[in-house]
Each structure stands twice: as C-alpha cells, then as structure tokens.
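The structure file start24.tsv is reproduced below (TSV, C-alpha atoms).
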chain	number	residue	atom	x	y	z
A	1	MET	CA	0.00	0.00	0.00
A	2	LYS	CA	2.83	2.41	0.85
A	3	VAL	CA	4.40	1.72	-2.52
A	4	ILE	CA	1.11	2.56	-4.26
A	5	PHE	CA	0.82	5.88	-2.44
A	6	LEU	CA	4.43	6.74	-3.29
A	7	LEU	CA	3.79	5.87	-6.92
A	8	LEU	CA	0.65	8.02	-7.04
A	9	GLY	CA	2.55	10.89	-5.45
A	10	PHE	CA	5.30	10.57	-8.03
A	11	ILE	CA	2.80	10.54	-10.91
A	12	LEU	CA	1.04	13.65	-9.60
A	13	SER	CA	4.35	15.47	-9.12
A	14	GLN	CA	5.35	14.63	-12.69
A	15	GLN	CA	2.00	15.88	-14.02
A	16	LEU	CA	2.47	19.15	-12.15
A	17	LEU	CA	6.04	19.49	-13.40
A	18	PHE	CA	4.85	18.86	-16.95
A	19	ALA	CA	2.10	21.47	-16.63
A	20	GLN	CA	4.49	24.07	-15.25
A	21	ASN	CA	7.04	23.63	-18.03
A	22	GLN	CA	4.73	23.65	-21.06
A	23	LEU	CA	3.92	26.77	-23.08
A	24	SER	CA	0.17	27.30	-23.11
A	25	GLN	CA	-1.77	26.96	-26.35
A	26	ALA	CA	-5.10	28.67	-27.04
A	27	VAL	CA	-8.14	26.43	-26.46
A	28	PHE	CA	-10.34	28.46	-28.83
A	29	GLN	CA	-10.52	31.86	-30.53
A	30	VAL	CA	-13.16	34.51	-31.16
A	31	ASP	CA	-13.25	37.51	-33.50
A	32	TYR	CA	-13.03	40.01	-30.65
A	33	PRO	CA	-9.92	41.41	-28.92
A	34	ASN	CA	-9.26	40.53	-25.27
A	35	PRO	CA	-12.57	38.67	-24.85
A	36	THR	CA	-12.04	37.81	-21.17
A	37	ALA	CA	-11.99	41.51	-20.21
A	38	ASP	CA	-13.28	43.58	-18.35
A	39	LYS	CA	-12.52	44.38	-14.73
A	40	PRO	CA	-14.25	43.19	-12.52
A	41	GLN	CA	-16.51	40.98	-14.60
A	42	SER	CA	-16.93	37.20	-14.35
A	43	LYS	CA	-17.52	35.17	-17.51
A	44	LEU	CA	-17.30	31.57	-16.23
A	45	TRP	CA	-19.57	29.18	-14.32
A	46	TYR	CA	-19.84	25.47	-13.52
A	47	MET	CA	-23.14	23.65	-14.07
A	48	ASP	CA	-24.28	20.16	-15.09
A	49	ASN	CA	-20.79	18.74	-14.54
A	50	CYS	CA	-19.03	21.05	-16.98
A	51	TRP	CA	-17.72	24.57	-17.37
A	52	TRP	CA	-19.43	27.30	-19.40
A	53	ALA	CA	-18.19	30.67	-20.63
A	54	LEU	CA	-19.97	33.71	-22.02
A	55	LEU	CA	-17.59	35.72	-24.21
A	56	PRO	CA	-17.99	38.50	-26.78
A	57	LYS	CA	-17.86	38.08	-30.53
A	58	SER	CA	-18.01	40.96	-32.97
A	59	THR	CA	-21.82	40.82	-33.18
A	60	GLY	CA	-22.80	39.84	-29.64
A	61	PRO	CA	-22.32	37.35	-26.78
A	62	SER	CA	-21.32	33.76	-27.46
A	63	LEU	CA	-21.88	30.74	-25.21
A	64	TRP	CA	-19.14	28.11	-24.92
A	65	GLN	CA	-19.13	24.68	-23.25
A	66	ARG	CA	-16.00	22.83	-22.11
A	67	THR	CA	-16.37	19.22	-23.27
A	68	GLU	CA	-14.11	16.19	-23.44
A	69	LYS	CA	-13.35	17.20	-27.04
A	70	GLY	CA	-12.57	20.79	-26.13
A	71	TRP	CA	-14.56	24.02	-26.01
A	72	VAL	CA	-17.68	24.01	-28.20
A	73	GLU	CA	-19.86	27.01	-29.04
A	74	HIS	CA	-23.66	26.90	-28.73
A	75	VAL	CA	-24.21	28.97	-31.84
A	76	GLU	CA	-27.98	29.26	-31.34
A	77	ILE	CA	-27.41	31.58	-28.36
A	78	HIS	CA	-25.22	33.89	-30.40
A	79	GLU	CA	-27.95	34.06	-33.06
A	80	LYS	CA	-30.60	34.91	-30.46
A	81	LEU	CA	-28.45	37.60	-28.83
A	82	LYS	CA	-27.10	39.31	-31.95
A	83	GLY	CA	-26.89	43.05	-31.35
A	84	VAL	CA	-26.63	42.69	-27.55
A	85	PRO	CA	-23.33	44.06	-26.19
A	86	GLY	CA	-20.96	41.11	-25.95
A	87	ARG	CA	-18.81	42.31	-23.03
A	88	ALA	CA	-20.88	40.80	-20.26
A	89	ASP	CA	-20.80	40.02	-16.55
A	90	ILE	CA	-22.72	36.96	-15.38
A	91	TYR	CA	-24.24	35.73	-12.14
A	92	VAL	CA	-25.46	32.16	-11.62
A	93	ASP	CA	-27.67	31.11	-8.70
A	94	ASN	CA	-28.56	27.42	-8.96
A	95	ARG	CA	-29.92	27.28	-12.54
A	96	ASN	CA	-30.83	30.97	-12.77
A	97	MET	CA	-28.24	32.77	-14.92
A	98	ILE	CA	-28.49	36.50	-15.56
A	99	ALA	CA	-26.04	38.75	-17.35
A	100	VAL	CA	-25.47	42.38	-18.24
A	101	GLY	CA	-23.94	43.28	-21.60
A	102	VAL	CA	-21.99	46.52	-21.62
A	103	GLU	CA	-21.35	49.25	-24.16
A	104	ALA	CA	-20.28	52.79	-23.35
A	105	GLN	CA	-23.84	54.15	-23.66
A	106	GLN	CA	-25.96	51.03	-23.30
A	107	LEU	CA	-26.55	48.28	-20.74
A	108	VAL	CA	-28.62	45.21	-21.65
A	109	VAL	CA	-29.78	42.72	-19.02
A	110	PHE	CA	-30.57	39.23	-20.30
A	111	ARG	CA	-31.17	35.74	-18.99
A	112	LEU	CA	-29.93	32.35	-20.15
A	113	GLU	CA	-31.87	29.28	-19.07
A	114	LYS	CA	-30.93	25.66	-19.63
A	115	LYS	CA	-33.55	22.93	-19.74
A	116	LYS	CA	-33.05	20.42	-22.53
A	117	LYS	CA	-31.52	23.25	-24.55
A	118	TRP	CA	-30.36	26.77	-23.77
A	119	SER	CA	-32.74	29.66	-24.28
A	120	ALA	CA	-32.03	33.40	-24.16
A	121	GLU	CA	-34.31	36.26	-23.13
A	122	LYS	CA	-33.69	40.02	-23.04
A	123	LEU	CA	-34.98	41.53	-19.82
A	124	ALA	CA	-34.11	45.24	-19.91
A	125	THR	CA	-32.17	47.85	-21.88
A	126	PHE	CA	-30.79	51.06	-20.38
A	127	SER	CA	-29.64	53.81	-22.72
A	128	LEU	CA	-27.11	56.33	-21.41
A	129	THR	CA	-26.01	59.75	-22.58
A	130	GLU	CA	-22.43	60.46	-23.54
A	131	LYS	CA	-22.00	62.20	-20.19
A	132	GLU	CA	-23.24	59.03	-18.41
A	133	SER	CA	-21.07	56.58	-20.37
A	134	VAL	CA	-19.78	53.49	-18.54
A	135	GLU	CA	-16.58	51.44	-18.69
A	136	THR	CA	-17.90	48.28	-17.07
A	137	ALA	CA	-20.86	46.90	-15.10
A	138	THR	CA	-21.59	43.94	-12.81
A	139	ILE	CA	-24.74	42.10	-11.79
A	140	THR	CA	-25.97	39.91	-8.92
A	141	LEU	CA	-29.05	38.56	-7.11
A	142	ASP	CA	-29.90	38.95	-3.44
A	143	LYS	CA	-31.31	36.16	-1.27
A	144	ASN	CA	-34.86	37.22	-2.14
A	145	GLY	CA	-34.19	36.79	-5.86
A	146	ASN	CA	-34.13	40.52	-6.64
A	147	GLY	CA	-31.73	41.58	-9.39
A	148	TRP	CA	-29.09	44.27	-8.90
A	149	LEU	CA	-26.89	45.97	-11.49
A	150	ALA	CA	-24.16	48.53	-10.73
A	151	ALA	CA	-21.91	50.76	-12.84
A	152	VAL	CA	-20.05	54.04	-12.63
A	153	ALA	CA	-22.03	56.14	-15.11
A	154	GLY	CA	-20.14	59.35	-15.80
A	155	ASP	CA	-19.17	60.62	-12.34
A	156	LYS	CA	-21.86	58.70	-10.43
A	157	VAL	CA	-22.02	55.29	-8.79
A	158	SER	CA	-25.35	54.06	-10.16
A	159	VAL	CA	-27.58	51.09	-9.37
A	160	TRP	CA	-30.53	49.52	-11.17
A	161	THR	CA	-32.76	46.89	-9.58
A	162	SER	CA	-35.67	44.55	-10.27
A	163	ASN	CA	-38.12	42.39	-8.39
A	164	LYS	CA	-37.87	38.60	-8.28
A	165	GLY	CA	-39.32	38.14	-11.76
A	166	LEU	CA	-36.41	40.16	-13.23
A	167	LYS	CA	-38.70	41.63	-15.89
A	168	LYS	CA	-39.35	45.08	-14.41
A	169	TRP	CA	-36.19	47.06	-13.71
A	170	THR	CA	-35.97	50.52	-12.15
A	171	GLY	CA	-33.19	53.04	-11.69
A	172	PRO	CA	-30.66	54.37	-11.77
A	173	TYR	CA	-30.29	55.21	-8.09
A	174	THR	CA	-27.23	57.31	-7.28
A	175	LEU	CA	-25.07	55.99	-4.42
A	176	ALA	CA	-22.21	58.49	-4.77
A	177	GLU	CA	-21.19	61.40	-7.00
A	178	GLY	CA	-17.96	63.12	-8.01
A	179	ILE	CA	-16.21	59.89	-9.03
A	180	GLY	CA	-13.22	60.15	-11.36
A	181	LYS	CA	-13.38	59.10	-15.01
A	182	ASP	CA	-10.94	56.26	-14.29
A	183	ASP	CA	-12.96	54.82	-11.39
A	184	ILE	CA	-15.19	51.73	-11.45
A	185	CYS	CA	-17.47	49.84	-9.07
A	186	THR	CA	-18.57	46.27	-8.46
A	187	ILE	CA	-21.67	44.77	-6.85
A	188	THR	CA	-21.49	41.66	-4.70
A	189	SER	CA	-23.85	39.47	-2.72
A	190	LEU	CA	-23.53	39.67	1.07
A	191	PRO	CA	-25.15	37.61	3.83
A	192	GLU	CA	-27.39	40.54	4.72
A	193	GLY	CA	-28.05	41.81	1.19
A	194	VAL	CA	-25.82	43.30	-1.50
A	195	GLY	CA	-22.91	45.71	-1.42
A	196	VAL	CA	-21.57	48.14	-4.02
A	197	ILE	CA	-17.84	48.80	-3.75
A	198	TRP	CA	-16.06	51.48	-5.73
A	199	SER	CA	-12.68	53.10	-6.18
A	200	ASP	CA	-12.41	56.84	-5.48
A	201	GLN	CA	-9.02	57.87	-6.77
A	202	ILE	CA	-9.78	61.57	-6.30
A	203	ASN	CA	-10.01	61.04	-2.53
A	204	GLU	CA	-7.60	58.06	-2.46
A	205	ALA	CA	-10.24	55.76	-1.01
A	206	VAL	CA	-12.08	52.47	-1.50
A	207	LYS	CA	-15.71	52.67	-0.35
A	208	ILE	CA	-18.85	50.56	0.08
A	209	ARG	CA	-22.59	51.02	0.49
A	210	ILE	CA	-24.86	48.14	1.53
A	211	HIS	CA	-28.49	47.39	0.79
A	212	LYS	CA	-30.07	45.08	3.35
A	213	ASN	CA	-32.59	42.41	2.38
A	214	GLY	CA	-36.17	43.56	2.86
A	215	ASN	CA	-35.50	47.30	2.67
A	216	ASP	CA	-37.03	49.46	-0.05
A	217	PHE	CA	-34.90	49.50	-3.18
A	218	GLU	CA	-33.79	53.10	-2.53
A	219	ASN	CA	-32.99	52.51	1.15
A	220	TRP	CA	-29.20	52.01	1.39
A	221	GLU	CA	-26.89	52.12	4.40
A	222	LYS	CA	-24.52	55.07	4.71
A	223	GLU	CA	-21.22	55.08	2.86
A	224	THR	CA	-18.34	53.26	4.60
A	225	VAL	CA	-14.69	53.96	3.82
A	226	ILE	CA	-12.84	50.64	3.66
A	227	GLU	CA	-9.46	52.39	3.50
A	228	SER	CA	-8.17	55.83	2.48
A	229	GLY	CA	-4.87	57.62	1.88
A	230	ASN	CA	-1.49	56.50	0.56
A	231	ASN	CA	-2.73	55.97	-3.02
A	232	THR	CA	-4.77	52.97	-1.88
A	233	ALA	CA	-7.29	53.22	-4.75
A	234	ASP	CA	-7.11	52.17	-8.39
A	235	ASP	CA	-9.74	50.94	-10.85
A	236	HIS	CA	-9.11	47.23	-10.19
A	237	LEU	CA	-11.70	45.43	-8.02
A	238	ASN	CA	-12.75	41.79	-7.66
A	239	THR	CA	-14.71	39.96	-4.95
A	240	ALA	CA	-15.51	36.48	-3.66
A	241	LEU	CA	-17.83	35.44	-0.83
A	242	SER	CA	-17.16	32.49	1.48
A	243	LYS	CA	-19.95	30.35	2.95
A	244	ASP	CA	-19.23	31.74	6.41
A	245	GLY	CA	-20.05	35.25	5.17
A	246	THR	CA	-16.46	36.47	4.76
A	247	LEU	CA	-16.10	38.83	1.81
A	248	TRP	CA	-12.75	38.80	0.02
A	249	LEU	CA	-12.02	41.97	-1.95
A	250	ILE	CA	-8.86	42.16	-4.03
A	251	THR	CA	-7.74	45.54	-5.39
A	252	LYS	CA	-4.79	47.20	-7.05
A	253	ASN	CA	-3.48	50.42	-5.54
A	254	SER	CA	-1.84	53.41	-7.26
A	255	VAL	CA	1.51	53.29	-5.44
A	256	ASP	CA	3.34	52.13	-8.60
A	257	GLU	CA	6.81	52.27	-7.06
A	258	VAL	CA	9.40	49.55	-7.60
A	259	GLY	CA	9.64	47.58	-4.36
A	260	GLY	CA	6.23	48.81	-3.19
A	261	PRO	CA	3.07	46.68	-2.94
A	262	GLN	CA	0.76	46.74	-5.96
A	263	PHE	CA	-2.23	44.90	-4.46
A	264	VAL	CA	-4.33	45.18	-1.31
A	265	LEU	CA	-6.43	42.29	-0.01
A	266	ARG	CA	-9.40	43.66	1.93
A	267	VAL	CA	-11.28	41.17	4.11
A	268	ARG	CA	-14.73	41.80	5.59
A	269	THR	CA	-15.94	39.45	8.30
A	270	ALA	CA	-19.58	38.41	8.53
A	271	ASP	CA	-20.12	41.03	11.25
A	272	GLY	CA	-18.84	43.82	9.02
A	273	LYS	CA	-15.26	44.37	10.23
A	274	TRP	CA	-12.61	45.16	7.60
A	275	SER	CA	-8.87	44.35	7.49
A	276	ASN	CA	-6.44	45.47	4.76
A	277	TYR	CA	-3.30	43.59	3.66
A	278	PRO	CA	-0.97	45.22	1.09
A	279	TYR	CA	1.29	42.79	-0.82
A	280	CYS	CA	2.81	41.79	-4.19
A	281	ASN	CA	5.62	44.25	-4.88
A	282	LEU	CA	6.26	45.93	-8.20
A	283	GLY	CA	9.51	44.71	-9.74
A	284	GLU	CA	11.91	46.23	-12.23
A	285	VAL	CA	10.66	43.75	-14.85
A	286	GLU	CA	7.61	42.03	-13.33
A	287	HIS	CA	4.57	44.30	-13.16
A	288	PRO	CA	1.58	42.57	-11.46
A	289	SER	CA	-1.89	43.86	-12.39
A	290	ARG	CA	-5.60	42.99	-12.81
A	291	PRO	CA	-6.03	40.66	-9.80
A	292	ILE	CA	-8.95	38.32	-9.11
A	293	ILE	CA	-9.87	36.32	-6.00
A	294	LEU	CA	-11.49	32.84	-5.86
A	295	THR	CA	-12.88	30.57	-3.14
A	296	VAL	CA	-13.19	26.77	-3.21
A	297	GLU	CA	-16.40	24.88	-2.42
A	298	ASN	CA	-15.06	22.15	-0.14
A	299	LYS	CA	-11.95	23.96	1.14
A	300	PRO	CA	-13.06	27.05	3.10
A	301	SER	CA	-9.50	27.95	4.09
A	302	LEU	CA	-8.21	27.87	0.50
A	303	ILE	CA	-8.38	31.31	-1.12
A	304	LEU	CA	-6.74	31.70	-4.52
A	305	ASN	CA	-5.45	34.94	-6.01
A	306	GLY	CA	-4.62	35.30	-9.70
A	307	TYR	CA	-3.29	38.17	-11.76
A	308	THR	CA	-1.47	39.20	-14.91
A	309	ILE	CA	2.28	39.77	-14.74
A	310	TYR	CA	3.30	42.21	-17.46
A	311	ASN	CA	6.94	42.02	-18.49
A	312	GLY	CA	8.44	45.50	-18.35
A	313	LYS	CA	11.05	44.69	-21.01
A	314	ASN	CA	9.04	42.49	-23.39
A	315	ARG	CA	5.22	42.40	-23.28
A	316	HIS	CA	5.22	39.03	-25.06
A	317	LEU	CA	6.75	37.43	-21.99
A	318	GLY	CA	3.87	38.19	-19.63
A	319	ASN	CA	1.93	35.40	-17.92
A	320	ILE	CA	-1.00	34.59	-15.65
A	321	THR	CA	0.10	33.72	-12.12
A	322	PHE	CA	-1.79	32.31	-9.12
A	323	GLY	CA	-1.01	31.82	-5.47
A	324	LYS	CA	-2.68	30.90	-2.17
A	325	ILE	CA	-3.72	33.58	0.32
A	326	ASN	CA	-2.55	33.17	3.92
A	327	THR	CA	-3.25	36.26	6.03
A	328	ALA	CA	-1.38	34.76	9.01
A	329	GLN	CA	1.91	35.47	7.24
A	330	ALA	CA	3.64	38.81	6.61
A	331	ASN	CA	3.78	37.96	2.90
A	332	ILE	CA	0.18	36.87	2.51
A	333	ILE	CA	0.57	35.08	-0.83
A	334	GLU	CA	2.39	31.76	-1.08
A	335	GLN	CA	3.01	28.98	-3.60
A	336	VAL	CA	3.10	31.60	-6.37
A	337	THR	CA	2.96	29.75	-9.70
A	338	PRO	CA	2.65	30.78	-13.36
A	339	VAL	CA	-0.37	28.84	-14.70
A	340	ILE	CA	-0.66	30.32	-18.22
A	341	VAL	CA	2.56	31.04	-20.11
A	342	PRO	CA	1.46	31.41	-23.74
A	343	ASP	CA	3.39	30.33	-26.78
A	344	THR	CA	4.04	33.74	-28.37
A	345	ALA	CA	5.99	32.58	-31.44
A	346	ASN	CA	3.35	33.77	-33.92
A	347	TRP	CA	2.01	36.78	-32.03
A	348	SER	CA	1.72	40.24	-33.56
A	349	LYS	CA	3.67	43.19	-32.15
A	350	ASP	CA	2.76	44.28	-28.59
A	351	ASN	CA	0.35	41.37	-28.02
A	352	HIS	CA	0.29	39.85	-24.52
A	353	ILE	CA	-1.78	37.64	-22.23
A	354	ASN	CA	-4.22	39.50	-19.98
A	355	ASN	CA	-7.54	39.64	-18.14
A	356	VAL	CA	-7.81	36.45	-16.14
A	357	THR	CA	-11.46	35.64	-15.40
A	358	GLY	CA	-12.99	33.09	-13.03
A	359	SER	CA	-16.24	32.04	-11.40
A	360	LYS	CA	-18.11	34.18	-8.86
A	361	ASN	CA	-19.28	30.97	-7.23
A	362	PRO	CA	-16.78	28.79	-5.32
A	363	LEU	CA	-14.69	26.44	-7.43
A	364	PRO	CA	-16.43	23.03	-7.44
A	365	ALA	CA	-15.43	19.94	-5.49
A	366	ASN	CA	-14.34	16.91	-7.52
A	367	ALA	CA	-14.04	18.85	-10.79
A	368	PRO	CA	-11.43	20.93	-12.61
A	369	TRP	CA	-10.92	24.51	-11.39
A	370	ILE	CA	-10.94	26.38	-14.69
A	371	ILE	CA	-9.86	29.97	-15.30
A	372	LEU	CA	-9.50	31.75	-18.63
A	373	ALA	CA	-7.37	34.58	-20.03
A	374	SER	CA	-6.96	36.01	-23.53
A	375	ASP	CA	-4.98	38.18	-25.92
A	376	LYS	CA	-5.85	40.99	-28.32
A	377	GLU	CA	-6.11	38.54	-31.25
A	378	GLY	CA	-9.09	36.89	-29.52
A	379	ARG	CA	-7.24	33.72	-28.50
A	380	VAL	CA	-8.51	32.22	-25.25
A	381	TYR	CA	-6.26	30.24	-22.88
A	382	GLU	CA	-7.25	28.10	-19.90
A	383	ALA	CA	-5.65	26.69	-16.79
A	384	ASP	CA	-6.91	24.08	-14.34
A	385	LEU	CA	-5.94	25.39	-10.90
A	386	SER	CA	-6.68	22.02	-9.27
A	387	LEU	CA	-3.45	20.73	-10.83
A	388	TYR	CA	-1.51	23.25	-8.76
A	389	PHE	CA	-3.42	23.89	-5.52
A	390	ASN	CA	-5.77	20.93	-4.82
A	391	GLU	CA	-3.68	19.27	-2.13
Encoding of this model in structure tokens:
Amino acid sequence: MKVIFLLLGFILSQQLLFAQNQLSQAVFQVDYPNPTADKPQSKLWYMDNCWWALLPKSTGPSLWQRTEKGWVEHVEIHEKLKGVPGRADIYVDNRNMIAVGVEAQQLVVFRLEKKKKWSAEKLATFSLTEKESVETATITLDKNGNGWLAAVAGDKVSVWTSNKGLKKWTGPYTLAEGIGKDDICTITSLPEGVGVIWSDQINEAVKIRIHKNGNDFENWEKETVIESGNNTADDHLNTALSKDGTLWLITKNSVDEVGGPQFVLRVRTADGKWSNYPYCNLGEVEHPSRPIILTVENKPSLILNGYTIYNGKNRHLGNITFGKINTAQANIIEQVTPVIVPDTANWSKDNHINNVTGSKNPLPANAPWIILASDKEGRVYEADLSLYFNE
C-alpha cells in the first residue's frame, strides 16, 4: 500500500512538473480582442458537470461549453443575442443565470436558461447619454431573488434593480457622486443583502454602500470607507464570498513604485469588520496587475489569487500567475505559480496575455478549477488550478 501511495505521489508530481514547463496553447478563438476583459466581470460558471463561458464576438455574446473534445460554441445563443453588447458580466444562482452586456452608452440585461436546450431572453435595456457613459458593469441577485446591477455612469455610482421576476427594472439610483473618469465599481452578494464597492481615486479611497434584504430599493446604508490615503485606490476590483459570510475583496493600488506593494487584499468578516493587507511588490521587470480572487467549495481555508504579470522589457513574456492567500503570514501570498505562459511565437507586435477571469461561485469539489485569459487577437487560454493547488 505504501508503494502505491508513493507511486501516485510521483505521478502527480510529474503531471504538475509537466504542466508548469509547457507553453500554453489557445483552447479556442473569437473575432473580438481581449474577450475575457473587463474588470471586474466574471464570464465563467460550472453547471451540469461542466464549465461554461460567455464571451464577446463581434456581433454579440457567445456561449461556450467545455467538453471532453474541447470548447464548443452553442451557436444558437449567439444568433438569439445578436446586437446585444458582448462584453458581459454573469451571475449564476442554482440554474438561474443572468447577465449584463456593456457598451459605453448602453446596458442590456438578459437571462440564459438551460432545460433540454439553452434559451435566451432580453430583460431590460438602459440607454445612457455620452456624459453618463460606462466602462464596465456587474450584476448579482440577493437572497430574495431581486436583481441588482451597478456601474459608474459618468461621475456617479449608479444602481438599477428589479423584483424577483427580473422583468421590471428601475433606476438608476445614485449611491455616490464626483467619481473620477478612471474609477469603477462592483456589486457583490452579502449575507445581509448586497454591497456596491467602488474606487475613489480623487479622494484616495475604496468605499462601500450596503443594501439590506427587505429594505425598499432606494434605502441604502450610509457610505463606509474601507481604507483611504497613501494611493490605496485604483480601478481594479474583484470579490468572492465564502460560505461563512467572509467577503474577500482584491484591489490594485496606485503606489506604482518599484519595491512597493501593488495589491491590497481587503477582508470583511460576517459582522462587518474590515482588514487590509498590502502585498505583491512591483519589480523592475515584473509588473503585477488585474487581480482576481477565488474561493473553493469544499476547502473554506483555501483562497486563490490570480493576476497578470506584465513584463516591463518584453510584453510578449507576460503570464497569468496564481497563489494561495494566507493572512497569518507577513507575505500573505504563497506557492506563487505561473499557470498560463502562452506560446508567443506567432504573435503580432505588442500582443500579450491579460484579463484572467474566473467564477463568482466557489470552485467546485471533484471537478477541474478552470480559469480563462486572452490576448488581443481573440485567442482564449485556460488553466486548471486544481493541478496546482488541490492538495
């Protein structure tokens, strides 16, 4: 028996070594640059024992399924959603999947439903003026099934909402004003409701407002400053929620000094207390950016942090790196590992890997832990994090 365990350990170590030393090849390609963008959107989910992705094509969103034969597009969804903005954020609650497609002056909320086949339904369209234009938007549901959509529109943090049927949407409600043109927000589910978090680079702050379940749609808690000063804000935000109610918020700051931390992990306990942990220094060559944070379904203590590393001397040489979060240590990220190192032999000038995207829901037990990233030629790359961190 001991020999068998040793043999299995050796095989697993060799598989990991093989994965770490292979250049990554694209798993599929779309006719849209950087399709896994934008901050802080999620484009992946796990359902019916496989992974799904919603990515933009030149004429609208496209639905992809990860199968034993590779990624396969469900072309009927693209046909049904032609003309809808393809850059979308998705939220999946059991079998209820809603998304918001984003253009500078238009937001479109739609639903995908899978029975025997996938169906698509447009739920709402919001037109914006040039002054109200948006960079990105995110969407979620609260525990009562109400829909929530948030975006920085012009200089305002704006929210739209719907009742449980998701067919009648109202808004926008303004949560804050005077936001900079380079600022963004994200909306996340919380145990007590939903929270909108935004960067405020003008005042060097990261802030949150919370809507509690059962309150009127316009009844929000007062603004809370998560942290301020010392260039702590930048327009990079991503969240994950643990089953115990802990909210994990990963951000980039604006320090941008070699030897200084680029990221801040901000942790909110279920009773609303925040802690901030700066980490991941800027190097002469390695420039970490665009972080995301992931939880794992059956491993509550395992928190994974991924990001792009730009190469300051040669953009082609960038990669997607992940590590484990351990707030008990001074350096809170450990087992830092490149998971996507693309084969750049045939890339055009200035192309590079970027925009890692993952699931809002915890990574599933007994299944691959898939993340995606992409390049400006529309090539999409994947990594299975369970090969590196599922101990």
* Long-range neighbours of stretch 212-227 of chain A as a PyMOL selection string, 8 Å cut-off, only C-alpha atoms, 6 positions minimum in chain -> chain A and resi 142-144+161+173+192-194+205-206+266+274+276
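Using all atoms listed in the file, the nearest neighbour of A:Thr186 within the list A:Pro40, A:Pro261, A:Gly306, A:Gly101 is A:Pro40.
Using all atoms listed in the file, the shortest contact distance between A:Leu241 and any of A:Lys360, A:Arg315, A:Lys115, A:His352 is found at A:Lys360.
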* To do: Excluding A:Leu55 and residues on its chain fewer than 4 positions from it, collect all residues at most 12 Å away from it, counting only C-alpha atoms, and give them as a ChimeraX atom specification.
  => /A:28-38,41-44,59-65,73-74,77-78,81,84-90,99-102,357,372-374,378-380
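Counting only C-alpha atoms and comparing A:Ala240, A:Leu317, A:Leu107, A:Cys280, the residue that lies closest to A:Glu257 is A:Cys280.
Considering the residues A:Pro288, A:Gly145, A:Pro368, A:Gly283 and counting only C-alpha atoms, A:Ile98 has its shortest atom-to-atom contact with A:Gly145.
When atom CA of A:Val75 is paired with atom CA of A:Trp51, their separation reads 16.5 Å.
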* To do: Take atom CA of A:Gln22 and atom CA of A:Val336 and report the distance between them in Å, one decimal.
  => 16.8 Å
Using all atoms of stretch 163-168 of chain A that appear in the file, construct an axis-aligned enclosing box with 6 Å of padding on every side and provide its centre coordinates and edge lengths in Å, rounded to one decimal, as lines of an AutoDock Vina configuration file.
center_x = -37.9
center_y = 41.6
center_z = -12.1
size_x = 14.9
size_y = 18.9
size_z = 19.6
Could you give me, as a short mmCIF file (atom, residue, chain, number, x, y, z; two decimals) with C-alpha atoms, keeping the file's coordinate frame, the residues within 7 Å of A:Gln201, counting all atoms listed in the file and dropping anything in the same chain fewer than 3 positions from it?
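Result file is out.cif:
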data_model
loop_
_atom_site.label_atom_id
_atom_site.label_comp_id
_atom_site.auth_asym_id
_atom_site.auth_seq_id
_atom_site.Cartn_x
_atom_site.Cartn_y
_atom_site.Cartn_z
CA GLY A 180 -13.22 60.15 -11.36
CA ASP A 183 -12.96 54.82 -11.39
CA GLU A 204 -7.60 58.06 -2.46
CA ALA A 205 -10.24 55.76 -1.01
CA ALA A 233 -7.29 53.22 -4.75
CA ASP A 234 -7.11 52.17 -8.39
#
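Of the listed residues (A:Val264, A:Ile210, A:Cys185, A:Val108), A:Val264 comes nearest to A:Ile332; the distances count only C-alpha atoms.
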* **Long-range neighbours of stretch 123-134 of chain A as a PyMOL selection string, 10 Å cut-off, all atoms listed in the file, 3 positions minimum in chain** => chain A and resi 84+98-111+120+137+151-156+158+160+162+165-172+181+183-184
So which residues touch A:Gln262 within 10 Å, counting all atoms listed in the file, skipping near sequence neighbours fewer than 2 positions away, as a short mmCIF file (atom, residue, chain, number, x, y, z; two decimals) with C-alpha atoms, keeping the file's coordinate frame?
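This went into selection12.cif:
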data_model
loop_
_atom_site.label_atom_id
_atom_site.label_comp_id
_atom_site.auth_asym_id
_atom_site.auth_seq_id
_atom_site.Cartn_x
_atom_site.Cartn_y
_atom_site.Cartn_z
CA THR A 232 -4.77 52.97 -1.88
CA ASP A 234 -7.11 52.17 -8.39
CA THR A 251 -7.74 45.54 -5.39
CA LYS A 252 -4.79 47.20 -7.05
CA ASN A 253 -3.48 50.42 -5.54
CA SER A 254 -1.84 53.41 -7.26
CA VAL A 255 1.51 53.29 -5.44
CA ASP A 256 3.34 52.13 -8.60
CA GLU A 257 6.81 52.27 -7.06
CA VAL A 258 9.40 49.55 -7.60
CA GLY A 259 9.64 47.58 -4.36
CA GLY A 260 6.23 48.81 -3.19
CA VAL A 264 -4.33 45.18 -1.31
CA PRO A 278 -0.97 45.22 1.09
CA TYR A 279 1.29 42.79 -0.82
CA CYS A 280 2.81 41.79 -4.19
CA ASN A 281 5.62 44.25 -4.88
CA LEU A 282 6.26 45.93 -8.20
CA GLY A 283 9.51 44.71 -9.74
CA HIS A 287 4.57 44.30 -13.16
CA PRO A 288 1.58 42.57 -11.46
CA SER A 289 -1.89 43.86 -12.39
CA PRO A 291 -6.03 40.66 -9.80
#
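One distance worth recording is that between atom CA of A:Lys376 and atom CA of A:Gly83, which is 21.4 Å.
The closest residue to A:Met97, picked from A:Tyr381, A:Tyr388, A:Tyr307, A:Trp45 and counting all atoms listed in the file, is A:Trp45.
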